[in-house]
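Q: This is the content of run-v4.pdb (PDB, C-alpha atoms):
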```pdb
ATOM      1  CA  MET A 110       0.000   0.000   0.000
ATOM      2  CA  ALA A 111       1.372   3.377  -0.987
ATOM      3  CA  SER A 112       1.544   5.851   1.886
ATOM      4  CA  ARG A 113      -0.725   8.852   2.053
ATOM      5  CA  TYR A 114       2.294  11.083   1.605
ATOM      6  CA  TYR A 115       3.220   9.151  -1.525
ATOM      7  CA  GLN A 116      -0.245   9.627  -2.993
ATOM      8  CA  GLU A 117      -0.295  13.324  -2.098
ATOM      9  CA  MET A 118       3.102  13.989  -3.671
ATOM     10  CA  GLN A 119       2.245  11.983  -6.797
ATOM     11  CA  GLU A 120      -0.856  14.104  -7.182
ATOM     12  CA  SER A 121       1.144  17.272  -6.537
ATOM     13  CA  PHE A 122       3.784  16.396  -9.157
ATOM     14  CA  ARG A 123       1.139  15.414 -11.687
ATOM     15  CA  ASN A 124      -0.061  19.021 -11.554
ATOM     16  CA  ASN A 125       3.364  20.571 -11.001
ATOM     17  CA  ASN A 126       5.893  18.737 -13.131
ATOM     18  CA  LYS A 127       7.096  21.559 -15.304
ATOM     19  CA  SER A 128      10.804  22.371 -15.473
ATOM     20  CA  ARG A 129      12.001  25.772 -16.526
ATOM     21  CA  GLU A 130      15.507  26.934 -17.276
ATOM     22  CA  PHE A 131      17.088  30.284 -16.526
ATOM     23  CA  PRO A 132      20.315  31.655 -18.028
ATOM     24  CA  ALA A 133      22.881  31.951 -15.250
ATOM     25  CA  HIS A 134      26.436  31.630 -16.558
ATOM     26  CA  THR A 135      28.621  31.436 -19.661
ATOM     27  CA  ALA A 136      29.891  27.952 -18.761
ATOM     28  CA  LYS A 137      28.670  24.920 -16.861
ATOM     29  CA  VAL A 138      27.108  25.300 -13.427
ATOM     30  CA  HIS A 139      28.788  23.219 -10.716
ATOM     31  CA  SER A 140      26.688  24.042  -7.686
ATOM     32  CA  VAL A 141      23.256  25.409  -6.738
ATOM     33  CA  ALA A 142      22.024  26.261  -3.232
ATOM     34  CA  TRP A 143      19.034  27.994  -1.632
ATOM     35  CA  SER A 144      19.258  30.620   1.095
ATOM     36  CA  CYS A 145      17.783  29.463   4.421
ATOM     37  CA  ASP A 146      14.562  31.431   3.850
ATOM     38  CA  GLY A 147      14.182  30.120   0.302
ATOM     39  CA  ARG A 148      14.025  33.592  -1.228
ATOM     40  CA  ARG A 149      17.238  33.282  -3.190
ATOM     41  CA  LEU A 150      19.095  30.677  -5.204
ATOM     42  CA  ALA A 151      22.833  30.930  -5.775
ATOM     43  CA  SER A 152      24.809  29.143  -8.459
ATOM     44  CA  GLY A 153      28.543  28.695  -8.925
ATOM     45  CA  SER A 154      30.142  28.061 -12.280
ATOM     46  CA  PHE A 155      33.181  27.073 -14.271
ATOM     47  CA  ASP A 156      33.058  30.665 -15.599
ATOM     48  CA  LYS A 157      34.628  31.809 -12.261
ATOM     49  CA  THR A 158      31.501  33.618 -11.045
ATOM     50  CA  ALA A 159      28.546  33.080  -8.745
ATOM     51  CA  SER A 160      25.032  34.212  -9.640
ATOM     52  CA  VAL A 161      22.120  34.958  -7.331
ATOM     53  CA  PHE A 162      18.455  34.752  -8.312
ATOM     54  CA  VAL A 163      15.358  35.851  -6.422
ATOM     55  CA  LEU A 164      12.459  33.395  -6.486
ATOM     56  CA  GLU A 165       9.305  35.175  -7.594
ATOM     57  CA  LYS A 166       6.196  32.991  -7.587
ATOM     58  CA  ASP A 167       7.055  30.583 -10.416
ATOM     59  CA  ARG A 168      10.295  31.948 -11.769
ATOM     60  CA  LEU A 169      13.831  32.878 -10.894
ATOM     61  CA  VAL A 170      14.808  36.480 -11.538
ATOM     62  CA  LYS A 171      18.536  37.132 -11.792
ATOM     63  CA  GLU A 172      19.616  39.626  -9.171
ATOM     64  CA  ASN A 173      23.367  39.709  -9.480
ATOM     65  CA  ASN A 174      26.552  38.140 -10.765
ATOM     66  CA  TYR A 175      29.475  37.942  -8.353
ATOM     67  CA  ARG A 176      32.957  38.271  -9.831
ATOM     68  CA  GLY A 177      36.347  38.097  -8.210
ATOM     69  CA  HIS A 178      37.509  34.496  -8.258
ATOM     70  CA  GLY A 179      40.396  33.686 -10.573
ATOM     71  CA  ASP A 180      39.267  30.129 -11.249
ATOM     72  CA  SER A 181      36.199  27.904 -11.358
ATOM     73  CA  VAL A 182      33.654  28.229  -8.512
ATOM     74  CA  ASP A 183      33.234  24.562  -7.613
ATOM     75  CA  GLN A 184      30.915  24.700  -4.644
ATOM     76  CA  LEU A 185      28.999  27.272  -2.645
ATOM     77  CA  CYS A 186      26.724  27.346   0.362
ATOM     78  CA  TRP A 187      24.663  29.842   2.311
ATOM     79  CA  HIS A 188      24.946  30.822   5.934
ATOM     80  CA  PRO A 189      22.651  28.418   7.864
ATOM     81  CA  THR A 190      20.550  31.183   9.453
ATOM     82  CA  ASN A 191      21.455  34.451   7.692
ATOM     83  CA  PRO A 192      19.693  34.542   4.300
ATOM     84  CA  ASP A 193      21.932  37.344   2.971
ATOM     85  CA  VAL A 194      25.345  35.704   3.201
ATOM     86  CA  PHE A 195      26.934  32.934   1.163
ATOM     87  CA  VAL A 196      30.414  31.538   0.607
ATOM     88  CA  THR A 197      32.142  30.234  -2.531
ATOM     89  CA  ALA A 198      35.030  27.783  -2.893
ATOM     90  CA  SER A 199      37.289  28.110  -5.894
ATOM     91  CA  GLY A 200      40.264  26.499  -7.577
ATOM     92  CA  ASP A 201      42.085  29.845  -7.140
ATOM     93  CA  LYS A 202      43.072  28.804  -3.577
ATOM     94  CA  THR A 203      40.644  31.187  -1.898
ATOM     95  CA  ILE A 204      37.181  31.155  -0.454
ATOM     96  CA  ARG A 205      35.064  34.283  -0.635
ATOM     97  CA  ILE A 206      32.200  35.400   1.567
ATOM     98  CA  TRP A 207      29.546  37.546  -0.134
ATOM     99  CA  ASP A 208      26.663  39.671   1.101
ATOM    100  CA  VAL A 209      23.654  40.118  -1.177
ATOM    101  CA  ARG A 210      22.671  43.402   0.541
ATOM    102  CA  THR A 211      25.878  45.145  -0.564
ATOM    103  CA  THR A 212      26.587  42.722  -3.464
ATOM    104  CA  LYS A 213      30.203  42.843  -2.314
ATOM    105  CA  CYS A 214      32.768  40.319  -1.244
ATOM    106  CA  THR A 215      33.040  40.830   2.514
ATOM    107  CA  ALA A 216      36.054  38.549   2.951
ATOM    108  CA  THR A 217      38.602  36.662   0.903
ATOM    109  CA  VAL A 218      40.403  33.900   2.785
ATOM    110  CA  ASN A 219      43.521  32.358   1.292
ATOM    111  CA  THR A 220      43.821  28.602   1.599
ATOM    112  CA  LYS A 221      46.605  26.180   0.785
ATOM    113  CA  GLY A 222      45.226  24.376  -2.235
ATOM    114  CA  GLU A 223      42.618  24.328  -4.964
ATOM    115  CA  ASN A 224      39.277  24.195  -3.166
ATOM    116  CA  ILE A 225      36.550  21.794  -4.244
ATOM    117  CA  ASN A 226      34.238  21.288  -1.243
ATOM    118  CA  ILE A 227      32.739  23.706   1.228
ATOM    119  CA  CYS A 228      30.173  23.626   4.025
ATOM    120  CA  TRP A 229      28.982  25.908   6.800
ATOM    121  CA  SER A 230      28.558  24.681  10.364
ATOM    122  CA  PRO A 231      24.952  24.631  11.616
ATOM    123  CA  ASP A 232      25.829  27.188  14.322
ATOM    124  CA  GLY A 233      27.102  29.576  11.639
ATOM    125  CA  GLN A 234      30.506  30.045  13.286
ATOM    126  CA  THR A 235      32.776  27.959  11.090
ATOM    127  CA  ILE A 236      33.296  27.238   7.416
ATOM    128  CA  ALA A 237      35.034  24.011   6.405
ATOM    129  CA  VAL A 238      36.713  23.817   3.030
ATOM    130  CA  GLY A 239      38.359  20.828   1.377
ATOM    131  CA  ASN A 240      40.962  21.003  -1.372
ATOM    132  CA  LYS A 241      42.378  18.755  -4.076
ATOM    133  CA  ASP A 242      45.234  17.697  -1.773
ATOM    134  CA  ASP A 243      42.771  16.269   0.777
ATOM    135  CA  VAL A 244      43.337  19.005   3.329
ATOM    136  CA  VAL A 245      40.278  20.309   5.194
ATOM    137  CA  THR A 246      40.615  23.789   6.681
ATOM    138  CA  PHE A 247      38.249  25.084   9.360
ATOM    139  CA  ILE A 248      37.834  28.844   9.101
ATOM    140  CA  ASP A 249      36.479  31.086  11.857
ATOM    141  CA  VAL A 250      33.717  33.154  10.250
ATOM    142  CA  LYS A 251      34.304  36.230  12.451
ATOM    143  CA  SER A 252      38.095  36.479  12.240
ATOM    144  CA  HIS A 253      38.430  34.846   8.782
ATOM    145  CA  ARG A 254      41.364  32.887  10.185
ATOM    146  CA  SER A 255      42.037  29.191  10.116
ATOM    147  CA  ARG A 256      41.049  27.429  13.365
ATOM    148  CA  ALA A 257      42.350  24.024  12.363
ATOM    149  CA  GLU A 258      43.732  22.200   9.402
ATOM    150  CA  GLU A 259      43.614  18.464   8.831
ATOM    151  CA  GLN A 260      45.559  16.556   6.201
ATOM    152  CA  PHE A 261      43.909  13.239   5.372
ATOM    153  CA  LYS A 262      45.610  10.151   3.978
ATOM    154  CA  PHE A 263      42.674   9.334   1.715
ATOM    155  CA  GLU A 264      40.802  11.084  -1.054
ATOM    156  CA  VAL A 265      38.323  13.444   0.626
ATOM    157  CA  ASN A 266      35.144  13.974  -1.354
ATOM    158  CA  GLU A 267      32.236  15.726   0.327
ATOM    159  CA  ILE A 268      32.260  17.104   3.867
ATOM    160  CA  SER A 269      29.468  17.982   6.298
ATOM    161  CA  TRP A 270      28.651  18.603   9.919
ATOM    162  CA  ASN A 271      25.774  16.714  11.491
ATOM    163  CA  ASN A 272      22.798  18.923  12.433
ATOM    164  CA  ASP A 273      23.867  18.984  16.102
ATOM    165  CA  ASN A 274      27.234  20.494  15.154
ATOM    166  CA  ASP A 275      29.178  17.993  17.310
ATOM    167  CA  MET A 276      30.383  15.620  14.596
ATOM    168  CA  PHE A 277      32.101  16.154  11.272
ATOM    169  CA  PHE A 278      31.644  13.727   8.380
ATOM    170  CA  LEU A 279      33.789  13.068   5.313
ATOM    171  CA  THR A 280      33.143  10.731   2.406
ATOM    172  CA  ASN A 281      36.248   9.214   0.891
ATOM    173  CA  GLY A 282      37.712   7.528  -2.158
ATOM    174  CA  ASN A 283      37.810   4.103  -0.475
ATOM    175  CA  GLY A 284      34.045   3.993  -0.034
ATOM    176  CA  CYS A 285      34.142   4.978   3.635
ATOM    177  CA  ILE A 286      32.400   7.583   5.746
ATOM    178  CA  ASN A 287      34.830   9.009   8.287
ATOM    179  CA  ILE A 288      33.348  10.604  11.385
ATOM    180  CA  LEU A 289      35.271  12.998  13.597
ATOM    181  CA  SER A 290      34.237  14.601  16.876
ATOM    182  CA  TYR A 291      33.801  18.359  16.671
ATOM    183  CA  PRO A 292      35.497  20.650  17.573
ATOM    184  CA  GLU A 293      38.216  18.207  18.768
ATOM    185  CA  LEU A 294      38.463  16.513  15.343
ATOM    186  CA  LYS A 295      39.247  13.155  16.901
ATOM    187  CA  PRO A 296      38.297  10.086  14.812
ATOM    188  CA  ILE A 297      35.104   8.489  16.167
ATOM    189  CA  GLN A 298      34.330   5.937  13.506
ATOM    190  CA  SER A 299      34.992   4.881   9.943
ATOM    191  CA  ILE A 300      32.089   3.155   8.206
ATOM    192  CA  ASN A 301      32.640   0.961   5.180
ATOM    193  CA  ALA A 302      29.669   2.327   3.297
ATOM    194  CA  HIS A 303      30.248   1.378  -0.342
ATOM    195  CA  PRO A 304      32.485  -0.961  -2.321
ATOM    196  CA  SER A 305      33.749   2.006  -4.361
ATOM    197  CA  ASN A 306      34.379   5.741  -4.093
ATOM    198  CA  CYS A 307      31.886   7.435  -1.765
ATOM    199  CA  ILE A 308      31.130  10.756  -3.422
ATOM    200  CA  CYS A 309      28.462  12.831  -1.690
ATOM    201  CA  ILE A 310      26.747  13.161   1.680
ATOM    202  CA  LYS A 311      23.681  15.058   2.887
ATOM    203  CA  PHE A 312      21.847  15.295   6.219
ATOM    204  CA  ASP A 313      18.082  15.480   6.322
ATOM    205  CA  PRO A 314      16.556  18.616   7.911
ATOM    206  CA  THR A 315      14.927  16.614  10.717
ATOM    207  CA  GLY A 316      18.268  15.176  11.842
ATOM    208  CA  LYS A 317      17.090  11.586  11.631
ATOM    209  CA  TYR A 318      18.998  10.400   8.555
ATOM    210  CA  PHE A 319      21.895  11.131   6.314
ATOM    211  CA  ALA A 320      22.411   9.802   2.796
ATOM    212  CA  THR A 321      25.532   9.006   0.821
ATOM    213  CA  GLY A 322      25.965   8.553  -2.899
ATOM    214  CA  SER A 323      28.655   6.430  -4.448
ATOM    215  CA  ALA A 324      30.468   5.532  -7.648
ATOM    216  CA  ASP A 325      28.667   2.153  -7.448
ATOM    217  CA  ALA A 326      25.495   4.091  -8.472
ATOM    218  CA  LEU A 327      23.860   3.403  -5.102
ATOM    219  CA  VAL A 328      22.434   5.856  -2.597
ATOM    220  CA  SER A 329      22.453   4.584   0.971
ATOM    221  CA  LEU A 330      20.372   5.952   3.823
ATOM    222  CA  TRP A 331      21.786   5.937   7.364
ATOM    223  CA  THR A 332      20.369   6.693  10.786
ATOM    224  CA  VAL A 333      22.256   9.479  12.546
ATOM    225  CA  GLU A 334      21.755   7.918  15.995
ATOM    226  CA  GLU A 335      22.929   4.327  15.374
ATOM    227  CA  LEU A 336      24.909   4.900  12.162
ATOM    228  CA  VAL A 337      23.098   1.970  10.586
ATOM    229  CA  CYS A 338      22.253   1.697   6.900
ATOM    230  CA  VAL A 339      18.471   1.320   6.701
ATOM    231  CA  ARG A 340      17.968   1.216   2.941
ATOM    232  CA  CYS A 341      19.524   1.586  -0.477
ATOM    233  CA  PHE A 342      18.165   3.302  -3.557
ATOM    234  CA  SER A 343      19.355   1.673  -6.748
ATOM    235  CA  ARG A 344      17.525   3.247  -9.695
ATOM    236  CA  LEU A 345      20.527   5.114 -11.082
ATOM    237  CA  ASP A 346      23.111   3.410 -13.290
ATOM    238  CA  TRP A 347      25.979   5.888 -12.980
ATOM    239  CA  PRO A 348      28.068   7.314 -10.097
ATOM    240  CA  VAL A 349      25.847   9.398  -7.815
ATOM    241  CA  ARG A 350      27.122  12.966  -7.877
ATOM    242  CA  THR A 351      24.588  14.927  -5.903
ATOM    243  CA  LEU A 352      21.853  14.485  -3.286
ATOM    244  CA  SER A 353      19.250  16.649  -1.603
ATOM    245  CA  PHE A 354      16.542  16.057   1.013
ATOM    246  CA  SER A 355      13.259  17.933   0.771
ATOM    247  CA  HIS A 356      12.381  20.439   3.517
ATOM    248  CA  ASP A 357      10.252  17.874   5.394
ATOM    249  CA  GLY A 358      12.928  15.182   5.092
ATOM    250  CA  LYS A 359      10.487  12.881   3.311
ATOM    251  CA  MET A 360      11.903  13.007  -0.234
ATOM    252  CA  LEU A 361      15.403  12.422  -1.483
ATOM    253  CA  ALA A 362      16.562  13.587  -4.904
ATOM    254  CA  SER A 363      19.653  11.962  -6.393
ATOM    255  CA  ALA A 364      21.363  12.485  -9.730
ATOM    256  CA  SER A 365      24.217  11.242 -11.875
ATOM    257  CA  GLU A 366      25.125  10.911 -15.523
ATOM    258  CA  ASP A 367      21.775   9.189 -16.017
ATOM    259  CA  HIS A 368      19.414  11.432 -17.945
ATOM    260  CA  PHE A 369      16.959  11.742 -15.092
ATOM    261  CA  ILE A 370      16.872  12.854 -11.463
ATOM    262  CA  ASP A 371      15.422  10.229  -9.130
ATOM    263  CA  ILE A 372      12.998  11.440  -6.462
ATOM    264  CA  ALA A 373      12.468   8.790  -3.794
ATOM    265  CA  GLU A 374      10.208   8.564  -0.784
ATOM    266  CA  VAL A 375      12.680   8.311   2.092
ATOM    267  CA  GLU A 376      10.679   5.977   4.361
ATOM    268  CA  THR A 377       9.890   3.356   1.721
ATOM    269  CA  GLY A 378      12.531   3.830  -0.960
ATOM    270  CA  GLU A 379       9.740   3.985  -3.568
ATOM    271  CA  LYS A 380      10.172   6.123  -6.634
ATOM    272  CA  LEU A 381       7.952   9.184  -6.291
ATOM    273  CA  TRP A 382       8.919  10.885  -9.511
ATOM    274  CA  GLU A 383      11.602  11.141 -12.151
ATOM    275  CA  VAL A 384      12.739  14.461 -13.609
ATOM    276  CA  GLN A 385      13.869  14.021 -17.209
ATOM    277  CA  CYS A 386      17.184  15.641 -18.194
ATOM    278  CA  GLU A 387      18.999  15.711 -21.504
ATOM    279  CA  SER A 388      22.458  15.385 -20.013
ATOM    280  CA  PRO A 389      24.320  14.505 -16.792
ATOM    281  CA  THR A 390      23.300  16.435 -13.674
ATOM    282  CA  PHE A 391      25.964  18.096 -11.510
ATOM    283  CA  THR A 392      23.930  19.466  -8.632
ATOM    284  CA  VAL A 393      20.433  19.315  -7.087
ATOM    285  CA  ALA A 394      18.882  21.326  -4.227
ATOM    286  CA  TRP A 395      15.372  21.192  -2.796
ATOM    287  CA  HIS A 396      13.815  24.489  -1.765
ATOM    288  CA  PRO A 397      13.795  24.845   2.073
ATOM    289  CA  LYS A 398       9.989  25.257   2.241
ATOM    290  CA  ARG A 399       8.370  23.993  -0.973
ATOM    291  CA  PRO A 400       8.566  20.944  -3.260
ATOM    292  CA  LEU A 401      10.658  22.878  -5.797
ATOM    293  CA  LEU A 402      13.928  21.384  -7.001
ATOM    294  CA  ALA A 403      16.756  23.493  -8.407
ATOM    295  CA  TYR A 404      19.318  21.671 -10.516
ATOM    296  CA  ALA A 405      21.982  22.148 -13.167
ATOM    297  CA  CYS A 406      23.132  19.858 -15.952
ATOM    298  CA  ASP A 407      26.058  19.550 -18.309
ATOM    299  CA  ASP A 408      24.087  21.228 -21.086
ATOM    300  CA  LYS A 409      25.324  22.253 -24.464
ATOM    301  CA  GLU A 410      24.009  25.328 -26.218
ATOM    302  CA  GLY A 411      21.682  24.704 -29.159
ATOM    303  CA  LYS A 412      21.501  21.830 -31.575
ATOM    304  CA  TYR A 413      24.247  22.974 -33.943
ATOM    305  CA  ASP A 414      26.960  24.407 -31.768
ATOM    306  CA  ASN A 415      27.777  21.582 -29.395
ATOM    307  CA  ASN A 416      30.949  23.104 -28.007
ATOM    308  CA  ARG A 417      29.347  25.985 -26.198
ATOM    309  CA  GLU A 418      28.156  25.272 -22.699
ATOM    310  CA  ALA A 419      24.774  26.618 -21.718
ATOM    311  CA  GLY A 420      25.304  27.503 -18.061
ATOM    312  CA  THR A 421      21.623  27.404 -17.141
ATOM    313  CA  VAL A 422      19.940  26.790 -13.812
ATOM    314  CA  LYS A 423      16.736  24.745 -13.846
ATOM    315  CA  LEU A 424      13.726  24.607 -11.609
ATOM    316  CA  PHE A 425      11.395  21.570 -11.374
ATOM    317  CA  GLY A 426       8.016  21.470  -9.625
ATOM    318  CA  LEU A 427       6.376  24.419 -11.333
ATOM    319  CA  PRO A 428       2.642  24.351 -12.117
ATOM    320  CA  ASN A 429       1.922  22.781 -15.525
ATOM    321  CA  ASP A 430      -0.097  25.819 -16.537
ATOM    322  CA  SER A 431       2.564  28.367 -15.509
TER     323      SER A 431
END
```
Would you write the structure of this file as structure tokens?
A:
Amino acid sequence: MASRYYQEMQESFRNNNKSREFPAHTAKVHSVAWSCDGRRLASGSFDKTASVFVLEKDRLVKENNYRGHGDSVDQLCWHPTNPDVFVTASGDKTIRIWDVRTTKCTATVNTKGENINICWSPDGQTIAVGNKDDVVTFIDVKSHRSRAEEQFKFEVNEISWNNDNDMFFLTNGNGCINILSYPELKPIQSINAHPSNCICIKFDPTGKYFATGSADALVSLWTVEELVCVRCFSRLDWPVRTLSFSHDGKMLASASEDHFIDIAEVETGEKLWEVQCESPTFTVAWHPKRPLLAYACDDKEGKYDNNREAGTVKLFGLPNDS
């Protein structure tokens, strides 16, 4: 028997399954993220810039383009509670903090290597950034100085705090999830999660679960309390690059080089919906209050000129008649 939630969301997506795309960049988009209040969406691109859109009813309106990085913006995230501030990680060996009220860069912090992963602690006080040399640097948001720096002996992929801010998680190239205490950064546990490279990790907003995506094309769902794997989602055929939980923690979107985004019901593992894409998907992000999914794909411009990248941001979950 399908759950009531399942039936409600199926009905909702039947009426709201339109995707729309919005020009954002001159090259491919690596990362999309919503501000905590859901008013704005930011995107980071290979074109060395970040863009910010304002969500107006059923469309994204471009507000600003943020320049300053000397290399690709690989990942970005917003302050957990301040909807005006976000941070970008770049291959130019810096991270930059931006404020949408002044549209200026409020801080540039130099780091040791080319940055690929970034996350903000739930208490808003620390930014963690990981680079290509598997060093994670913890930066104090007020002083913009490094609080700690950890060199790991394995390939570090995605990084994240738990919602309680007392543990720090890393996914690694050997298929493991490494868990450190925070702020002590002492190893607590290493979980053999996947037989191959463990790529991404996300915590659900309710704090009950976290999910990991792997090169084996599987998404696994774990309880935060017992660190037990409760189910696997196996509808994708390619390495899972990106994950996002819906605002209520009941849906999980996952994407890869498959030409669709899988939307699963968390409690049953059932497929709720599938968003069709024409190319691999780099990044997905559920809106923090509504069943709206932002995403970006490896799109090429037009049918004739296949070398130009499109650099668009897409939104799924819009009313069919919009």
Q: Between A:Ser431, A:Asn125, A:Gln119, A:Ser140, single out the one closest to Ala403 in chain A, counting all atoms listed in the file.
A: A:Ser140
Q: Mind telling me what the PyMOL selection byres ((chain A and resi 349) around 9) catches here, as a CSV table (one decimal) with C-alpha atoms, keeping the file's coordinate frame?
A:
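What ended up in expr26.csv:
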```csv
chain,number,residue,atom,x,y,z
A,307,CYS,CA,31.9,7.4,-1.8
A,308,ILE,CA,31.1,10.8,-3.4
A,309,CYS,CA,28.5,12.8,-1.7
A,321,THR,CA,25.5,9.0,0.8
A,322,GLY,CA,26.0,8.6,-2.9
A,323,SER,CA,28.7,6.4,-4.4
A,324,ALA,CA,30.5,5.5,-7.6
A,325,ASP,CA,28.7,2.2,-7.4
A,326,ALA,CA,25.5,4.1,-8.5
A,327,LEU,CA,23.9,3.4,-5.1
A,328,VAL,CA,22.4,5.9,-2.6
A,345,LEU,CA,20.5,5.1,-11.1
A,346,ASP,CA,23.1,3.4,-13.3
A,347,TRP,CA,26.0,5.9,-13.0
A,348,PRO,CA,28.1,7.3,-10.1
A,350,ARG,CA,27.1,13.0,-7.9
A,351,THR,CA,24.6,14.9,-5.9
A,352,LEU,CA,21.9,14.5,-3.3
A,363,SER,CA,19.7,12.0,-6.4
A,364,ALA,CA,21.4,12.5,-9.7
A,365,SER,CA,24.2,11.2,-11.9
A,366,GLU,CA,25.1,10.9,-15.5
```
Q: Tell me, as a VMD selection string, which residues lie within 6 Å of range 372-386 of chain A, counting all atoms listed in the file; anything in the same chain fewer than 5 positions away does not count.
A: chain A and resid 359 to 362
Q: Go ahead and write the selection's residues with C-alpha atoms as an mmCIF file, in the coordinates of the input.
A:
```cif
data_model
loop_
_atom_site.group_PDB
_atom_site.id
_atom_site.type_symbol
_atom_site.label_atom_id
_atom_site.label_comp_id
_atom_site.auth_asym_id
_atom_site.auth_seq_id
_atom_site.Cartn_x
_atom_site.Cartn_y
_atom_site.Cartn_z
ATOM 1 C CA LYS A 359 10.487 12.881 3.311
ATOM 2 C CA MET A 360 11.903 13.007 -0.234
ATOM 3 C CA LEU A 361 15.403 12.422 -1.483
ATOM 4 C CA ALA A 362 16.562 13.587 -4.904
#
```
Q: List the neighbours of Lys251 in chain A out to 9 Å using only C-alpha atoms; skip same-chain residues closer than 3 positions along the sequence, and give me the result as a ChimeraX atom specification.
A: /A:234-235,248,254
Q: Tell me which of A:Val170, A:Asn224, A:Gly420, A:Phe162 sits closest to Leu185 in chain A, counting only C-alpha atoms.
A: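 Under the stated criterion, the closest residue is A:Asn224.
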Q: Counting all atoms listed in the file, figure out which residue out of A:Tyr115, A:Phe369, A:Phe312, A:Phe391 gets nearest to Asp183 in chain A.
A: A:Phe391
Q: Convert the output of the PyMOL selection byres ((chain A and resi 225-233) around 9) on the shown file into explicit residues, formatted as an mmCIF file with C-alpha atoms, in the frame of the given file.
A:
```cif
data_model
loop_
_atom_site.group_PDB
_atom_site.id
_atom_site.type_symbol
_atom_site.label_atom_id
_atom_site.label_comp_id
_atom_site.auth_asym_id
_atom_site.auth_seq_id
_atom_site.Cartn_x
_atom_site.Cartn_y
_atom_site.Cartn_z
ATOM 1 C CA VAL A 182 33.654 28.229 -8.512
ATOM 2 C CA ASP A 183 33.234 24.562 -7.613
ATOM 3 C CA GLN A 184 30.915 24.700 -4.644
ATOM 4 C CA LEU A 185 28.999 27.272 -2.645
ATOM 5 C CA CYS A 186 26.724 27.346 0.362
ATOM 6 C CA TRP A 187 24.663 29.842 2.311
ATOM 7 C CA HIS A 188 24.946 30.822 5.934
ATOM 8 C CA PRO A 189 22.651 28.418 7.864
ATOM 9 C CA THR A 190 20.550 31.183 9.453
ATOM 10 C CA ASN A 191 21.455 34.451 7.692
ATOM 11 C CA VAL A 196 30.414 31.538 0.607
ATOM 12 C CA THR A 197 32.142 30.234 -2.531
ATOM 13 C CA ALA A 198 35.030 27.783 -2.893
ATOM 14 C CA SER A 199 37.289 28.110 -5.894
ATOM 15 C CA GLY A 200 40.264 26.499 -7.577
ATOM 16 C CA ILE A 204 37.181 31.155 -0.454
ATOM 17 C CA GLU A 223 42.618 24.328 -4.964
ATOM 18 C CA ASN A 224 39.277 24.195 -3.166
ATOM 19 C CA GLN A 234 30.506 30.045 13.286
ATOM 20 C CA THR A 235 32.776 27.959 11.090
ATOM 21 C CA ILE A 236 33.296 27.238 7.416
ATOM 22 C CA ALA A 237 35.034 24.011 6.405
ATOM 23 C CA VAL A 238 36.713 23.817 3.030
ATOM 24 C CA GLY A 239 38.359 20.828 1.377
ATOM 25 C CA ASN A 240 40.962 21.003 -1.372
ATOM 26 C CA LYS A 241 42.378 18.755 -4.076
ATOM 27 C CA VAL A 245 40.278 20.309 5.194
ATOM 28 C CA VAL A 250 33.717 33.154 10.250
ATOM 29 C CA ASN A 266 35.144 13.974 -1.354
ATOM 30 C CA GLU A 267 32.236 15.726 0.327
ATOM 31 C CA ILE A 268 32.260 17.104 3.867
ATOM 32 C CA SER A 269 29.468 17.982 6.298
ATOM 33 C CA TRP A 270 28.651 18.603 9.919
ATOM 34 C CA ASN A 271 25.774 16.714 11.491
ATOM 35 C CA ASN A 272 22.798 18.923 12.433
ATOM 36 C CA ASP A 273 23.867 18.984 16.102
ATOM 37 C CA ASN A 274 27.234 20.494 15.154
#
```
Q: One decimal, in Å: what's the spacing between CA of Asp167 in chain A and CA of Tyr404 in chain A?
A: 15.2 Å
Q: Run the PyMOL selection byres ((chain A and resi 340) around 8) mentally over the shown coordinates, then write out the matched residues as a list in words, using the chain letters and numbers from the document.
A: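 Applying the PyMOL selection byres ((chain A and resi 340) around 8) to the structure shown produces Ser329, Leu330, Trp331, Cys338, Val339, Cys341, Phe342 and Gly378 of chain A.
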Q: Could you check which of A:Ser305, A:Thr421, A:Lys295, A:Ser353 is closest to Ser160 in chain A, using all atoms listed in the file?
A: A:Thr421
Q: Report, in Å with one decimal, the straight-line distance from CA of Gly222 in chain A to CA of Thr203 in chain A.
A: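 Value for the CA of Gly222 in chain A-CA of Thr203 in chain A distance: 8.2 Å.
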Q: Applying 7 Å and all atoms listed in the file, which residues near range 395-398 of chain A remain after dropping the ones on its own chain fewer than 5 positions away? List them as a list of chain:residue names.
A: A:Trp143, A:Cys145, A:Asp146, A:Gly147, A:Ser353, A:Phe354, A:Ser355, A:His356, A:Ala403
Q: To one decimal place in Å, what is the distance between CA of Arg168 in chain A and CA of Pro400 in chain A?
A: 14.0 Å
Q: Identify the residues within 12 Å of coordinate (40.7, 35.8, -14.2) (same frame as the file), considering all atoms listed in the file, and give the answer as a ChimeraX atom specification.
A: /A:155-158,176-182,199-201
Q: Point out the residue among A:Lys166, A:Leu150, A:Leu427, A:Ala405 with the least atom-to-atom distance to Val194 in chain A, counting all atoms listed in the file.
A: A:Leu150
Q: What's the 6 Å shell around Ala151 in chain A, counting all atoms listed in the file, without same-chain residues fewer than 5 positions away, as a list in words?
A: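 So the residues in contact are Val141, Ala142, Ser160 and Val161 of chain A.
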Q: Tell me which protein, DNA and RNA residues are within 8 Å of Glu130 in chain A, counting all atoms listed in the file, leaving out same-chain ones fewer than 2 positions away, and put them as a list in words.
A: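 Result of the neighbour search: Ser128, Pro132, Thr421, Val422, Lys423 and Leu424 of chain A.
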Q: To box range 191-198 of chain A, take all atoms listed in the file, fit an axis-aligned box, add 6 Å on each side, and give centre and edge lengths in Å to one decimal, as AutoDock Vina command-line options.
A:
```
--center_x 27.4 --center_y 32.6 --center_z 2.4 --size_x 27.3 --size_y 21.6 --size_z 22.6
```
